[in-house]
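Working notes, beginning with the structure itself.
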Amino acid sequence: MNRNDGLTGLLDVLQAALDDPSAGPAGLAARAHLSRFHFDRLVAAATGEPPGALRRRLLLERAAYRLVTSDRTVLDVAVEAGYGSHEAFTRAFHRSYGVAPTAVRRRPPLVFRDLELPCPSGVHFQPPGGLRLPAARQETPMNVLQNLVDHHVETLTAIIDRAGGLDEQVLDRPVTVSVETIDDEPTLRSLINAMVTQEEHWLSALRGGDWPDESDRSVRGLAARHAVAGRDWRAFVARTLADGTLADTFVDTTCTPPTTHTLGGTIGHVITFAAVRRTLAIGALRSAGVTDLGAGDPRPYLDHAAGA
């Protein structure tokens with residue numbers, strides 16, 4: 001069982017108690033249908049903090065959120081956090097944050113997470129009224145970069161698949177919304193071909209080859225070309241990230257004159273131009289009545305990959 005699964009039931013009790021500052025340790029244990037001793041042991045084992053300390057920290061984090069996002073008085077915030085006076089709250093707040101409540105209100109942090117207090121569990125108050133558990137796995141910049149590439153390759157596969165259900169006239173209809181300096185007079189077919197050719201082009205350049213043959217622009221041909229180029233492009237990015245060679249260079253012999261690029265710069269180039277063309281292609285599909293791909297936003301894909 002995931003460690004977070006074991007935390008969930010206990011944290012549900014603590015979260016509900018955030019709105020009941022008078023709830024004591026015995027009351028929390030009763031809500032969890034546990035003895036006080038057993039409840040304290042389970043919470044401490046799961047979070048590294050006794051229930052009382054954990055709850056006080058969460059209430060202070062919520063109080064900090066109230067201070068920077070509302071015009072409630074400090075006393076109102078203090079009472080909600082379970083403190084009997086302005087002075088007691090100010091002392092506790094200063095002890096935890098190193099500044100007075102009014103100082104946080106005058107100079108709020110860039111993001112709320114800057115007001116999360118150190119703790120061993122990674123459990124924090126989550127605005128507007130929940131708790132945030134630690135992520136099930138750690139995401140690195142390499143994960144994000146690889147997932148962006150994977151998302152594009154898979155979305156392009158879906159775009160080609162949907163294009164297969166359209167007639168030739170629709171495929172070659174001009175896309176009226178375009179981006180200057182990227183493609184001249186684009187169509188859905190030309191956008192798909194440009195994305196596939198981009199994969200083929202840079203793979204060929206990395207091998208010291210010539211410009212790829214992009215003559216087969218039928219939907220069937222584009223699908224076959226992308227099946228190979230998309231697979232190999234993903235593999236190249238994965239190996240580059242694993243080897244830590246983003247700063248390595250190569251000579252692009254497809255340019256005149258030949259030009260030196262870094263591997264990381266090339267990956268960034270492909271991601272950037274692919275995103276523009278992908279968005280235009282999805283817009284063209286939507287104009288043709290194909291709407292199941294949404295906006296092609298990578299965020300849900302990355303969220304899922306991270307286990308969110």
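Numbering starts fresh at 1 for the residues of each chain in the structure tokens, the chains themselves are lettered A, B, ... in the order given, and ligands are numbered from 1 as they appear.
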DSSP on the backbone, strand (DSSP E or B) only: what residues of range 103-260 of chain A does that give? Format it as a PyMOL selection string. chain A and resi 124-126+130-132+174+187+249-252+259-260
Proximity of range 66-177 of chain A to range 183-203 of chain A: per-residue shortest pair, 7 Å limit, only C-alpha atoms, as CSV:
```
residue,atom,partner,partner_atom,distance
A:Leu171,CA,A:Arg189,CA,5.3
A:Asp172,CA,A:Thr187,CA,5.3
A:Arg173,CA,A:Thr187,CA,5.6
A:Pro174,CA,A:Thr187,CA,4.6
A:Val175,CA,A:Thr187,CA,5.1
```
Prev. selection, N, CA and C atoms, output as a PDB file, in the first residue's frame:
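Output file part-v1.pdb follows:
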```pdb
ATOM      1  N   LEU A 171      -8.256  18.336 -45.871  1.00  0.00           N
ATOM      2  CA  LEU A 171      -6.840  18.256 -45.504  1.00  0.00           C
ATOM      3  C   LEU A 171      -6.025  19.377 -46.134  1.00  0.00           C
ATOM      4  N   ASP A 172      -6.425  19.801 -47.331  1.00  0.00           N
ATOM      5  CA  ASP A 172      -5.642  20.799 -48.062  1.00  0.00           C
ATOM      6  C   ASP A 172      -6.262  22.190 -48.018  1.00  0.00           C
ATOM      7  N   ARG A 173      -7.262  22.381 -47.171  1.00  0.00           N
ATOM      8  CA  ARG A 173      -7.879  23.690 -47.014  1.00  0.00           C
ATOM      9  C   ARG A 173      -6.936  24.601 -46.233  1.00  0.00           C
ATOM     10  N   PRO A 174      -6.731  25.846 -46.682  1.00  0.00           N
ATOM     11  CA  PRO A 174      -5.820  26.744 -45.959  1.00  0.00           C
ATOM     12  C   PRO A 174      -6.250  26.954 -44.510  1.00  0.00           C
ATOM     13  N   VAL A 175      -5.274  26.994 -43.630  1.00  0.00           N
ATOM     14  CA  VAL A 175      -5.516  27.325 -42.225  1.00  0.00           C
ATOM     15  C   VAL A 175      -5.404  28.836 -42.113  1.00  0.00           C
TER      16      VAL A 175
END
```
For Arg217 in chain A, the nearest of the candidates A:Ala163, A:Val99, A:Ala45, A:Val179, counting only C-alpha atoms: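 Of A:Ala163, A:Val99, A:Ala45, A:Val179, the one nearest Arg217 in chain A, counting only C-alpha atoms, is A:Ala163.
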For Thr47 in chain A, find every residue with an atom within 9 Å (counting only C-alpha atoms), except residues of its own chain fewer than 5 positions away, and show them as a list of chain:residue names.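 Near Thr47 in chain A, the qualifying residues are A:Leu7, A:Leu42, A:Leu54, A:Cys119, A:Pro120, A:Ser121, A:Gly122, A:Val123.
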Pull C-alpha atoms from the residues just selected and write them as an mmCIF file, in the first residue's frame.
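The resulting part22.cif:
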```
data_model
loop_
_atom_site.group_PDB
_atom_site.id
_atom_site.type_symbol
_atom_site.label_atom_id
_atom_site.label_comp_id
_atom_site.auth_asym_id
_atom_site.auth_seq_id
_atom_site.Cartn_x
_atom_site.Cartn_y
_atom_site.Cartn_z
ATOM 1 C CA LEU A 7 -2.192 8.805 5.744
ATOM 2 C CA LEU A 42 -0.315 6.150 14.189
ATOM 3 C CA LEU A 54 0.666 18.624 13.325
ATOM 4 C CA CYS A 119 7.925 19.291 8.515
ATOM 5 C CA PRO A 120 9.077 15.692 8.000
ATOM 6 C CA SER A 121 5.910 14.467 6.294
ATOM 7 C CA GLY A 122 5.326 16.904 3.453
ATOM 8 C CA VAL A 123 1.706 17.348 4.600
#
```
Please identify the alpha helix (DSSP H) residues within range 13-217 of chain A (assignment by DSSP from backbone atoms) and present them as a ChimeraX atom specification. /A:13-17,25-31,36-47,51-69,74-80,86-97,101-106,141-163,168-171,188-206
If we count only C-alpha atoms, what is near range 254-261 of chain A at a cut-off of 8 Å, once residues fewer than 2 positions away on the same chain are taken out, given as a PyMOL selection string? chain A and resi 205+209-211+249-252+263+265-266
Kindly export the residues of the current selection with C-alpha atoms, as a PDB file, in the first residue's frame.
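Final output, saved to result13.pdb:
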```
ATOM      1  CA  ALA A 205      21.133  15.767 -38.859  1.00  0.00           C
ATOM      2  CA  GLY A 209      22.719  12.762 -42.970  1.00  0.00           C
ATOM      3  CA  ASP A 210      20.814  14.826 -45.515  1.00  0.00           C
ATOM      4  CA  TRP A 211      17.356  16.354 -45.519  1.00  0.00           C
ATOM      5  CA  THR A 249      27.301  19.622 -29.698  1.00  0.00           C
ATOM      6  CA  PHE A 250      26.979  18.281 -33.225  1.00  0.00           C
ATOM      7  CA  VAL A 251      27.373  19.738 -36.707  1.00  0.00           C
ATOM      8  CA  ASP A 252      24.126  20.090 -38.623  1.00  0.00           C
ATOM      9  CA  LEU A 263      21.621  18.547 -28.181  1.00  0.00           C
ATOM     10  CA  GLY A 265      19.075  23.391 -27.892  1.00  0.00           C
ATOM     11  CA  THR A 266      17.824  21.056 -30.597  1.00  0.00           C
TER      12      THR A 266
END
```
Which residues, written as a list in words, have at least one atom at most 8 Å from Arg278 in chain A, with only C-alpha atoms counted and residues fewer than 3 positions away on the same chain left out? His152, Leu156, Leu191, Ile192, Met195, Ala274, Ala275, Ala281, Ile282 and Gly296 of chain A
Quick check, in Å to one decimal: how far apart do CA of Arg207 in chain A and CA of Thr155 in chain A lie? 25.6 Å
Excluding same-chain residues fewer than 4 positions from range 37-39 of chain A, what lies within 9 Å of it counting only C-alpha atoms, as a list in words? Leu10, Pro25, Ala26, Leu28, Ala29, Ala30, Ala32, His33, Val43, Ala44 and Pro51 of chain A
So, counting only C-alpha atoms, which residue among A:Ala92, A:Val290, A:Ala78, A:Ala247 is closest to Leu166 in chain A? A:Val290
Which residue out of A:Arg41, A:Ile271, A:Leu60, A:Glu168 has the minimum interatomic distance to Arg91 in chain A when only C-alpha atoms are used?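 Comparing A:Arg41, A:Ile271, A:Leu60, A:Glu168 against Arg91 in chain A, the winner is A:Leu60.
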For Ser96 in chain A, which of A:Ala308, A:Ala295, A:Leu131, A:Ala53 is the closest residue, counting only C-alpha atoms?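 Ranking A:Ala308, A:Ala295, A:Leu131, A:Ala53 by distance to Ser96 in chain A, first place goes to A:Ala53.
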Write out as a PDB file with C-alpha atoms, in the first residue's frame the residues lying within 12 Å of Arg132 in chain A, counting only C-alpha atoms and excluding same-chain residues fewer than 4 positions away.
```
ATOM      1  CA  ASN A   4      -0.104   8.175   1.260  1.00  0.00           C
ATOM      2  CA  LEU A   7      -2.192   8.805   5.744  1.00  0.00           C
ATOM      3  CA  THR A   8      -5.498   9.561   4.089  1.00  0.00           C
ATOM      4  CA  LEU A  11      -5.669  13.300   7.658  1.00  0.00           C
ATOM      5  CA  ASP A  12      -9.378  13.302   6.883  1.00  0.00           C
ATOM      6  CA  GLN A  15      -8.753  18.225   8.137  1.00  0.00           C
ATOM      7  CA  LEU A  58      -1.636  23.264   9.791  1.00  0.00           C
ATOM      8  CA  GLU A  61      -0.336  27.666   7.722  1.00  0.00           C
ATOM      9  CA  ARG A 113       3.925  27.526  -0.659  1.00  0.00           C
ATOM     10  CA  GLU A 116       4.620  26.245   4.364  1.00  0.00           C
ATOM     11  CA  SER A 121       5.910  14.467   6.294  1.00  0.00           C
ATOM     12  CA  GLY A 122       5.326  16.904   3.453  1.00  0.00           C
ATOM     13  CA  VAL A 123       1.706  17.348   4.600  1.00  0.00           C
ATOM     14  CA  HIS A 124       0.619  20.986   4.362  1.00  0.00           C
ATOM     15  CA  PHE A 125      -2.468  23.163   4.297  1.00  0.00           C
ATOM     16  CA  GLN A 126      -3.807  23.363   0.754  1.00  0.00           C
ATOM     17  CA  PRO A 127      -5.836  26.494  -0.051  1.00  0.00           C
ATOM     18  CA  PRO A 128      -8.655  27.126   0.098  1.00  0.00           C
ATOM     19  CA  ALA A 136       3.857   9.840  -4.674  1.00  0.00           C
ATOM     20  CA  ALA A 308      -1.484  13.261  -9.693  1.00  0.00           C
TER      21      ALA A 308
END
```
Nearest residue to Gly307 in chain A out of A:Asp213, A:Pro134, A:Arg162, A:Ala224, using only C-alpha atoms?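 The closest residue to Gly307 in chain A is A:Pro134.
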Restricting the calculation to only C-alpha atoms: of A:Val219, A:Tyr65, A:Gly24, A:Arg286, which residue gets closest to Val111 in chain A?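 Smallest separation from Val111 in chain A among the options: A:Tyr65.
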